[in-house]
$ cat query24.pdb   # PDB, C-alpha atoms
ATOM      1  CA  MET A 406      42.353 -43.962  -1.099  1.00  0.00           C
ATOM      2  CA  ASN A 407      41.149 -47.374   0.006  1.00  0.00           C
ATOM      3  CA  THR A 408      37.649 -48.152   1.269  1.00  0.00           C
ATOM      4  CA  ALA A 409      38.573 -47.947   4.952  1.00  0.00           C
ATOM      5  CA  GLU A 410      40.180 -44.524   4.454  1.00  0.00           C
ATOM      6  CA  LEU A 411      37.160 -43.327   2.478  1.00  0.00           C
ATOM      7  CA  ILE A 412      34.764 -44.470   5.196  1.00  0.00           C
ATOM      8  CA  ALA A 413      36.932 -42.824   7.853  1.00  0.00           C
ATOM      9  CA  LEU A 414      36.879 -39.575   5.862  1.00  0.00           C
ATOM     10  CA  LEU A 415      33.122 -39.738   5.433  1.00  0.00           C
ATOM     11  CA  LEU A 416      32.609 -40.395   9.108  1.00  0.00           C
ATOM     12  CA  GLN A 417      34.770 -37.378   9.916  1.00  0.00           C
ATOM     13  CA  ILE A 418      32.703 -35.197   7.577  1.00  0.00           C
ATOM     14  CA  PHE A 419      29.444 -36.305   9.119  1.00  0.00           C
ATOM     15  CA  ALA A 420      30.849 -36.154  12.630  1.00  0.00           C
ATOM     16  CA  LYS A 421      31.368 -32.443  12.123  1.00  0.00           C
ATOM     17  CA  TYR A 422      27.693 -31.739  11.993  1.00  0.00           C
ATOM     18  CA  SER A 423      26.054 -34.817  13.436  1.00  0.00           C
ATOM     19  CA  PRO A 424      28.147 -37.014  15.723  1.00  0.00           C
ATOM     20  CA  GLU A 425      24.970 -38.670  16.927  1.00  0.00           C
ATOM     21  CA  LEU A 426      24.083 -39.734  13.419  1.00  0.00           C
ATOM     22  CA  VAL A 427      27.424 -41.478  13.060  1.00  0.00           C
ATOM     23  CA  ARG A 428      26.939 -43.290  16.360  1.00  0.00           C
ATOM     24  CA  GLN A 429      23.437 -44.343  15.445  1.00  0.00           C
ATOM     25  CA  VAL A 430      24.379 -45.611  12.009  1.00  0.00           C
ATOM     26  CA  SER A 431      27.144 -47.582  13.695  1.00  0.00           C
ATOM     27  CA  ASP A 432      24.524 -49.004  16.081  1.00  0.00           C
ATOM     28  CA  LEU A 433      22.318 -49.869  13.141  1.00  0.00           C
ATOM     29  CA  ILE A 434      25.184 -51.667  11.401  1.00  0.00           C
ATOM     30  CA  HIS A 435      26.506 -53.528  14.400  1.00  0.00           C
ATOM     31  CA  GLY A 436      23.316 -53.885  16.438  1.00  0.00           C
ATOM     32  CA  ASN A 437      23.823 -55.204  19.939  1.00  0.00           C
ATOM     33  CA  PRO A 438      25.070 -58.770  19.616  1.00  0.00           C
ATOM     34  CA  GLN A 439      24.329 -61.465  22.130  1.00  0.00           C
ATOM     35  CA  GLN A 440      27.504 -62.032  24.108  1.00  0.00           C
ATOM     36  CA  SER A 441      29.162 -65.395  24.447  1.00  0.00           C
ATOM     37  CA  GLY A 442      27.785 -67.050  27.574  1.00  0.00           C
ATOM     38  CA  GLU A 443      24.903 -64.597  27.857  1.00  0.00           C
ATOM     39  CA  THR A 444      21.609 -66.432  28.338  1.00  0.00           C
ATOM     40  CA  ASP A 445      18.578 -65.509  26.267  1.00  0.00           C
ATOM     41  CA  ASP A 446      16.872 -64.016  29.319  1.00  0.00           C
ATOM     42  CA  GLN A 447      19.923 -61.915  30.158  1.00  0.00           C
ATOM     43  CA  TYR A 448      20.145 -60.734  26.566  1.00  0.00           C
ATOM     44  CA  ILE A 449      16.452 -59.834  26.433  1.00  0.00           C
ATOM     45  CA  ALA A 450      16.740 -57.853  29.681  1.00  0.00           C
ATOM     46  CA  ARG A 451      19.751 -55.944  28.370  1.00  0.00           C
ATOM     47  CA  ILE A 452      18.095 -55.245  25.017  1.00  0.00           C
ATOM     48  CA  ASN A 453      14.883 -54.076  26.699  1.00  0.00           C
ATOM     49  CA  THR A 454      16.888 -51.566  28.725  1.00  0.00           C
ATOM     50  CA  GLN A 455      18.510 -50.316  25.532  1.00  0.00           C
ATOM     51  CA  ILE A 456      15.155 -50.113  23.728  1.00  0.00           C
ATOM     52  CA  THR A 457      13.706 -47.967  26.517  1.00  0.00           C
ATOM     53  CA  ALA A 458      16.726 -45.662  26.556  1.00  0.00           C
ATOM     54  CA  THR A 459      16.720 -45.341  22.764  1.00  0.00           C
ATOM     55  CA  LEU A 460      13.005 -44.513  22.652  1.00  0.00           C
ATOM     56  CA  ASP A 461      13.388 -41.976  25.476  1.00  0.00           C
ATOM     57  CA  GLU A 462      16.214 -40.347  23.538  1.00  0.00           C
ATOM     58  CA  ALA A 463      14.127 -40.195  20.359  1.00  0.00           C
ATOM     59  CA  ALA A 464      11.076 -38.796  22.172  1.00  0.00           C
ATOM     60  CA  ALA A 465      13.154 -36.010  23.720  1.00  0.00           C
ATOM     61  CA  LYS A 466      14.438 -34.933  20.299  1.00  0.00           C
ATOM     62  CA  ASP A 467      10.947 -35.054  18.784  1.00  0.00           C
ATOM     63  CA  ALA A 468       9.661 -32.885  21.620  1.00  0.00           C
ATOM     64  CA  ASP A 469      12.404 -30.373  20.862  1.00  0.00           C
ATOM     65  CA  VAL A 470      11.200 -30.127  17.252  1.00  0.00           C
ATOM     66  CA  GLU A 471       7.536 -29.866  18.253  1.00  0.00           C
ATOM     67  CA  LYS A 472       7.832 -27.447  21.159  1.00  0.00           C
ATOM     68  CA  SER A 473       7.808 -24.250  19.106  1.00  0.00           C
ATOM     69  CA  GLU A 474       4.626 -25.309  17.366  1.00  0.00           C
TER      70      GLU A 474
ATOM     71  CA  MET B1128      33.314 -28.934  -0.761  1.00  0.00           C
ATOM     72  CA  ARG B1129      29.705 -29.057  -1.874  1.00  0.00           C
ATOM     73  CA  LYS B1130      30.560 -31.816  -4.347  1.00  0.00           C
ATOM     74  CA  LEU B1131      32.406 -33.681  -1.617  1.00  0.00           C
ATOM     75  CA  THR B1132      29.379 -33.365   0.653  1.00  0.00           C
ATOM     76  CA  ARG B1133      27.092 -34.682  -2.071  1.00  0.00           C
ATOM     77  CA  THR B1134      29.433 -37.575  -2.719  1.00  0.00           C
ATOM     78  CA  SER B1135      29.801 -38.373   0.942  1.00  0.00           C
ATOM     79  CA  THR B1136      26.031 -38.233   1.380  1.00  0.00           C
ATOM     80  CA  ALA B1137      25.566 -40.715  -1.439  1.00  0.00           C
ATOM     81  CA  VAL B1138      28.167 -43.097  -0.064  1.00  0.00           C
ATOM     82  CA  PHE B1139      26.798 -42.738   3.461  1.00  0.00           C
ATOM     83  CA  LEU B1140      23.349 -43.515   2.109  1.00  0.00           C
ATOM     84  CA  ALA B1141      24.758 -46.628   0.485  1.00  0.00           C
ATOM     85  CA  LEU B1142      26.279 -47.629   3.821  1.00  0.00           C
ATOM     86  CA  ILE B1143      22.909 -47.275   5.530  1.00  0.00           C
ATOM     87  CA  LEU B1144      21.210 -49.295   2.821  1.00  0.00           C
ATOM     88  CA  PHE B1145      23.911 -51.905   3.253  1.00  0.00           C
ATOM     89  CA  ALA B1146      23.618 -51.674   7.032  1.00  0.00           C
ATOM     90  CA  SER B1147      20.001 -52.746   7.176  1.00  0.00           C
ATOM     91  CA  GLY B1148      20.978 -56.170   5.904  1.00  0.00           C
ATOM     92  CA  CYS B1149      23.983 -56.562   8.158  1.00  0.00           C
ATOM     93  CA  ARG B1150      22.574 -57.253  11.579  1.00  0.00           C
ATOM     94  CA  HIS B1151      23.745 -60.695  12.681  1.00  0.00           C
ATOM     95  CA  ASN B1152      23.308 -60.275  16.391  1.00  0.00           C
ATOM     96  CA  ILE B1153      21.825 -63.459  17.713  1.00  0.00           C
ATOM     97  CA  ASN B1154      22.568 -67.128  17.506  1.00  0.00           C
ATOM     98  CA  THR B1155      19.224 -68.503  18.584  1.00  0.00           C
ATOM     99  CA  ASN B1156      15.774 -69.150  17.221  1.00  0.00           C
ATOM    100  CA  ASN B1157      14.143 -68.157  20.521  1.00  0.00           C
ATOM    101  CA  PRO B1158      11.253 -65.978  19.285  1.00  0.00           C
ATOM    102  CA  LYS B1159      11.502 -63.712  22.349  1.00  0.00           C
ATOM    103  CA  VAL B1160      15.122 -62.950  21.530  1.00  0.00           C
ATOM    104  CA  VAL B1161      14.338 -62.372  17.877  1.00  0.00           C
ATOM    105  CA  PHE B1162      11.447 -60.089  18.860  1.00  0.00           C
ATOM    106  CA  ALA B1163      13.565 -58.056  21.292  1.00  0.00           C
ATOM    107  CA  ASN B1164      16.263 -57.660  18.669  1.00  0.00           C
ATOM    108  CA  THR B1165      13.702 -56.545  16.078  1.00  0.00           C
ATOM    109  CA  LEU B1166      12.172 -54.033  18.477  1.00  0.00           C
ATOM    110  CA  LEU B1167      15.641 -52.625  19.097  1.00  0.00           C
ATOM    111  CA  ALA B1168      16.076 -52.080  15.362  1.00  0.00           C
ATOM    112  CA  GLY B1169      12.717 -50.277  15.330  1.00  0.00           C
ATOM    113  CA  ALA B1170      13.748 -48.097  18.261  1.00  0.00           C
ATOM    114  CA  GLN B1171      17.036 -47.269  16.542  1.00  0.00           C
ATOM    115  CA  SER B1172      15.099 -46.304  13.409  1.00  0.00           C
ATOM    116  CA  CYS B1173      12.952 -43.890  15.450  1.00  0.00           C
ATOM    117  CA  ASN B1174      16.046 -42.412  17.017  1.00  0.00           C
ATOM    118  CA  LEU B1175      17.721 -41.999  13.634  1.00  0.00           C
ATOM    119  CA  VAL B1176      14.693 -40.045  12.400  1.00  0.00           C
ATOM    120  CA  ALA B1177      14.613 -37.959  15.581  1.00  0.00           C
ATOM    121  CA  THR B1178      18.279 -37.091  15.140  1.00  0.00           C
ATOM    122  CA  GLY B1179      17.674 -36.090  11.528  1.00  0.00           C
ATOM    123  CA  LEU B1180      14.711 -33.973  12.610  1.00  0.00           C
ATOM    124  CA  LYS B1181      16.713 -32.268  15.322  1.00  0.00           C
ATOM    125  CA  ASP B1182      19.616 -31.557  12.961  1.00  0.00           C
ATOM    126  CA  ALA B1183      17.189 -30.066  10.436  1.00  0.00           C
ATOM    127  CA  ASN B1184      15.296 -28.107  13.059  1.00  0.00           C
ATOM    128  CA  ASP B1185      18.441 -26.603  14.570  1.00  0.00           C
ATOM    129  CA  THR B1186      19.601 -25.344  11.185  1.00  0.00           C
ATOM    130  CA  LEU B1187      16.111 -24.161  10.274  1.00  0.00           C
ATOM    131  CA  GLU B1188      15.994 -22.069  13.432  1.00  0.00           C
ATOM    132  CA  SER B1189      19.209 -20.362  12.323  1.00  0.00           C
ATOM    133  CA  LEU B1190      17.627 -19.614   8.933  1.00  0.00           C
ATOM    134  CA  GLN B1191      14.481 -18.100  10.420  1.00  0.00           C
ATOM    135  CA  ALA B1192      15.743 -14.509  10.376  1.00  0.00           C
ATOM    136  CA  THR B1193      16.967 -14.536   6.776  1.00  0.00           C
ATOM    137  CA  GLU B1194      14.411 -16.942   5.264  1.00  0.00           C
ATOM    138  CA  PRO B1195      11.180 -16.458   7.228  1.00  0.00           C
ATOM    139  CA  GLU B1196       8.956 -17.762   4.419  1.00  0.00           C
ATOM    140  CA  TYR B1197      11.021 -20.924   4.124  1.00  0.00           C
ATOM    141  CA  TYR B1198      10.893 -21.336   7.894  1.00  0.00           C
ATOM    142  CA  ALA B1199       7.106 -21.036   7.853  1.00  0.00           C
ATOM    143  CA  HIS B1200       6.938 -23.515   4.956  1.00  0.00           C
ATOM    144  CA  VAL B1201       9.189 -26.248   6.356  1.00  0.00           C
ATOM    145  CA  LYS B1202       8.647 -26.003  10.103  1.00  0.00           C
ATOM    146  CA  PRO B1203       5.159 -27.600   9.999  1.00  0.00           C
ATOM    147  CA  MET B1204       6.533 -30.427   7.836  1.00  0.00           C
ATOM    148  CA  LEU B1205       9.246 -31.238  10.357  1.00  0.00           C
ATOM    149  CA  GLN B1206       6.679 -31.128  13.149  1.00  0.00           C
ATOM    150  CA  SER B1207       4.364 -33.435  11.220  1.00  0.00           C
ATOM    151  CA  ILE B1208       7.173 -35.977  10.817  1.00  0.00           C
ATOM    152  CA  ALA B1209       8.008 -35.612  14.517  1.00  0.00           C
ATOM    153  CA  ARG B1210       4.385 -36.352  15.464  1.00  0.00           C
ATOM    154  CA  ALA B1211       4.383 -39.458  13.251  1.00  0.00           C
ATOM    155  CA  ASN B1212       7.657 -40.538  14.843  1.00  0.00           C
ATOM    156  CA  ASP B1213       6.054 -40.047  18.272  1.00  0.00           C
ATOM    157  CA  LYS B1214       3.307 -42.448  17.248  1.00  0.00           C
ATOM    158  CA  ALA B1215       5.898 -45.006  16.178  1.00  0.00           C
ATOM    159  CA  ILE B1216       7.644 -44.558  19.539  1.00  0.00           C
ATOM    160  CA  ALA B1217       4.350 -45.099  21.368  1.00  0.00           C
ATOM    161  CA  ALA B1218       3.627 -48.213  19.299  1.00  0.00           C
ATOM    162  CA  LEU B1219       7.076 -49.610  20.043  1.00  0.00           C
ATOM    163  CA  ARG B1220       6.612 -48.934  23.758  1.00  0.00           C
ATOM    164  CA  ALA B1221       3.256 -50.740  23.636  1.00  0.00           C
ATOM    165  CA  ALA B1222       4.764 -53.708  21.799  1.00  0.00           C
ATOM    166  CA  GLN B1223       7.596 -53.832  24.311  1.00  0.00           C
ATOM    167  CA  ALA B1224       5.014 -53.914  27.098  1.00  0.00           C
ATOM    168  CA  GLY B1225       3.363 -56.940  25.493  1.00  0.00           C
ATOM    169  CA  ASP B1226       0.599 -55.391  23.405  1.00  0.00           C
ATOM    170  CA  THR B1227       0.479 -57.791  20.469  1.00  0.00           C
ATOM    171  CA  SER B1228      -1.900 -55.509  18.560  1.00  0.00           C
ATOM    172  CA  ALA B1229       0.595 -52.623  18.425  1.00  0.00           C
ATOM    173  CA  ASN B1230       1.436 -52.197  14.749  1.00  0.00           C
ATOM    174  CA  TRP B1231       4.744 -50.444  15.203  1.00  0.00           C
ATOM    175  CA  GLN B1232       6.117 -51.445  11.796  1.00  0.00           C
ATOM    176  CA  GLN B1233       3.202 -49.694  10.072  1.00  0.00           C
ATOM    177  CA  ALA B1234       3.727 -46.723  12.379  1.00  0.00           C
ATOM    178  CA  LEU B1235       7.342 -46.555  11.202  1.00  0.00           C
ATOM    179  CA  ILE B1236       6.244 -46.683   7.573  1.00  0.00           C
ATOM    180  CA  ASN B1237       3.787 -43.877   8.367  1.00  0.00           C
ATOM    181  CA  VAL B1238       6.751 -41.708   9.327  1.00  0.00           C
ATOM    182  CA  THR B1239       7.939 -41.804   5.724  1.00  0.00           C
ATOM    183  CA  THR B1240       4.382 -41.117   4.564  1.00  0.00           C
ATOM    184  CA  ALA B1241       4.271 -38.016   6.781  1.00  0.00           C
ATOM    185  CA  ALA B1242       7.432 -36.807   5.072  1.00  0.00           C
ATOM    186  CA  GLY B1243       5.682 -37.024   1.700  1.00  0.00           C
ATOM    187  CA  ASN B1244       7.520 -36.911  -1.581  1.00  0.00           C
ATOM    188  CA  GLN B1245       8.211 -33.201  -1.642  1.00  0.00           C
ATOM    189  CA  ASP B1246      11.840 -32.076  -1.725  1.00  0.00           C
ATOM    190  CA  MET B1247      11.951 -29.695   1.237  1.00  0.00           C
ATOM    191  CA  SER B1248      15.142 -28.083  -0.048  1.00  0.00           C
ATOM    192  CA  VAL B1249      13.372 -26.686  -3.116  1.00  0.00           C
ATOM    193  CA  PHE B1250      12.002 -23.218  -2.420  1.00  0.00           C
ATOM    194  CA  GLY B1251      12.181 -19.645  -3.690  1.00  0.00           C
ATOM    195  CA  PHE B1252      14.955 -18.649  -1.337  1.00  0.00           C
ATOM    196  CA  LYS B1253      15.876 -15.004  -0.825  1.00  0.00           C
ATOM    197  CA  ASN B1254      19.546 -15.816  -0.390  1.00  0.00           C
ATOM    198  CA  PRO B1255      21.042 -18.038  -3.111  1.00  0.00           C
ATOM    199  CA  ASN B1256      23.241 -19.775  -0.533  1.00  0.00           C
ATOM    200  CA  SER B1257      20.251 -20.880   1.504  1.00  0.00           C
ATOM    201  CA  GLN B1258      19.373 -23.808  -0.735  1.00  0.00           C
ATOM    202  CA  ALA B1259      22.787 -25.398  -0.175  1.00  0.00           C
ATOM    203  CA  THR B1260      22.290 -24.930   3.560  1.00  0.00           C
ATOM    204  CA  ALA B1261      18.843 -26.502   3.321  1.00  0.00           C
ATOM    205  CA  LYS B1262      20.175 -29.510   1.433  1.00  0.00           C
ATOM    206  CA  ILE B1263      22.806 -30.148   4.079  1.00  0.00           C
ATOM    207  CA  MET B1264      20.366 -29.567   6.929  1.00  0.00           C
ATOM    208  CA  LEU B1265      17.983 -32.167   5.498  1.00  0.00           C
ATOM    209  CA  ALA B1266      20.635 -34.789   4.649  1.00  0.00           C
ATOM    210  CA  SER B1267      20.471 -36.623   7.990  1.00  0.00           C
ATOM    211  CA  LEU B1268      16.681 -36.768   7.895  1.00  0.00           C
ATOM    212  CA  GLN B1269      16.645 -37.995   4.317  1.00  0.00           C
ATOM    213  CA  LEU B1270      19.115 -40.732   5.168  1.00  0.00           C
ATOM    214  CA  ALA B1271      16.991 -41.829   8.123  1.00  0.00           C
ATOM    215  CA  LEU B1272      13.799 -41.931   6.055  1.00  0.00           C
ATOM    216  CA  THR B1273      15.539 -43.928   3.336  1.00  0.00           C
ATOM    217  CA  ALA B1274      16.841 -46.376   5.919  1.00  0.00           C
ATOM    218  CA  ILE B1275      13.302 -46.860   7.272  1.00  0.00           C
ATOM    219  CA  THR B1276      11.868 -47.468   3.830  1.00  0.00           C
ATOM    220  CA  ASN B1277      14.626 -49.947   3.085  1.00  0.00           C
ATOM    221  CA  THR B1278      14.276 -51.773   6.388  1.00  0.00           C
ATOM    222  CA  TRP B1279      10.563 -51.747   7.125  1.00  0.00           C
ATOM    223  CA  GLY B1280       8.812 -51.252   3.823  1.00  0.00           C
ATOM    224  CA  THR B1281       7.548 -48.684   1.397  1.00  0.00           C
ATOM    225  CA  LYS B1282       4.884 -46.050   1.649  1.00  0.00           C
TER     226      LYS B1282
END
$ encode --input "query24.pdb" --output "structure tokens"
Amino acid sequence: MNTAELIALLLQIFAKYSPELVRQVSDLIHGNPQQSGETDDQYIARINTQITATLDEAAAKDADVEKSE
Amino acid sequence: MRKLTRTSTAVFLALILFASGCRHNINTNNPKVVFANTLLAGAQSCNLVATGLKDANDTLESLQATEPEYYAHVKPMLQSIARANDKAIAALRAAQAGDTSANWQQALINVTTAAGNQDMSVFGFKNPNSQATAKIMLASLQLALTAITNTWGTK
């Protein structure tokens, strides 16, 4: 089994119980690159939108854990 | 299967450790761009922890009937980590809004501090199969905490 096949297998295993984790690790690896031709201001605006959405997503999950306190 | 899960967890952990050094997203020295990109990494770290917490919490809820003592033992720990993660989220929001005093990196490190050094899968379980379930349920969270330590610093 080569490395790519091993990674694919591992991703399948983790996808079974946490698809979100796989997506997020992928985000962490690849980040959100600045596109060719995208100005700094355009990039910052796009990243700020993603930051807000990501933090909202995290806060909702935290609230789910805390709610039965 | 358990051995495969352990192996896959270890390799996945290695991928995350590798991942933190792999972000080559920008081709500029503009400090505003660098800052936005760094904040995004912080937000993704918070979300990774929140996902690990939710995975653990969902499984813990399913264990409540058969392992009530374990539930009572671990639930407050997960909630403590969630509260620390909330503080990191608030600090990141403040930094995003321009508050230069918001120490969001320390807040992220505090998330790992809230988790402590205790292995939450070690407990006097009633059912011998429960420990394996607990190890799997905590894997995502452990990976997230390790990624934070690797990326933002140690306790």
$ resolve_selection --input "query24.pdb" --expression "the PyMOL selection byres ((chain A and resi 463) around 9)" --output "list in words"
Ala458, Thr459, Leu460, Asp461, Glu462, Ala464, Ala465, Lys466, Asp467 and Ala468 of chain A; Ala1170, Gln1171, Cys1173, Asn1174, Leu1175, Val1176, Ala1177, Thr1178, Asn1212, Asp1213 and Ile1216 of chain B
$ interface_residues --input "query24.pdb" --of "chain A" --to "chain B" --cutoff "8 Å" --atoms "only C-alpha atoms" --output "PyMOL selection string"
chain A and resi 415+418+423+425-426+429-430+432-439+445+448-449+452-453+455-457+459-460+462-464+466-471+474
$ atom_distance --input "query24.pdb" --atom1 "atom CA of B:Trp1279" --atom2 "atom CA of B:Asn1156"
20.8 Å
$ atom_distance --input "query24.pdb" --atom1 "atom CA of B:Gln1232" --atom2 "atom CA of B:Thr1273"
14.7 Å
$ atom_distance --input "query24.pdb" --atom1 "atom CA of B:Thr1240" --atom2 "atom CA of B:Gln1269"
12.7 Å
$ resolve_selection --input "query24.pdb" --expression "the PyMOL selection byres ((chain B and resi 1251) around 12)" --output "PyMOL selection string"
chain B and resi 1194-1198+1200+1247-1250+1252-1258+1261
$ write_last_selection --input "query24.pdb" --atoms "C-alpha atoms" --output "tab-separated table (two decimals), in the frame of the given file"
chain	number	residue	atom	x	y	z
B	1194	GLU	CA	14.41	-16.94	5.26
B	1195	PRO	CA	11.18	-16.46	7.23
B	1196	GLU	CA	8.96	-17.76	4.42
B	1197	TYR	CA	11.02	-20.92	4.12
B	1198	TYR	CA	10.89	-21.34	7.89
B	1200	HIS	CA	6.94	-23.52	4.96
B	1247	MET	CA	11.95	-29.70	1.24
B	1248	SER	CA	15.14	-28.08	-0.05
B	1249	VAL	CA	13.37	-26.69	-3.12
B	1250	PHE	CA	12.00	-23.22	-2.42
B	1252	PHE	CA	14.96	-18.65	-1.34
B	1253	LYS	CA	15.88	-15.00	-0.82
B	1254	ASN	CA	19.55	-15.82	-0.39
B	1255	PRO	CA	21.04	-18.04	-3.11
B	1256	ASN	CA	23.24	-19.77	-0.53
B	1257	SER	CA	20.25	-20.88	1.50
B	1258	GLN	CA	19.37	-23.81	-0.74
B	1261	ALA	CA	18.84	-26.50	3.32
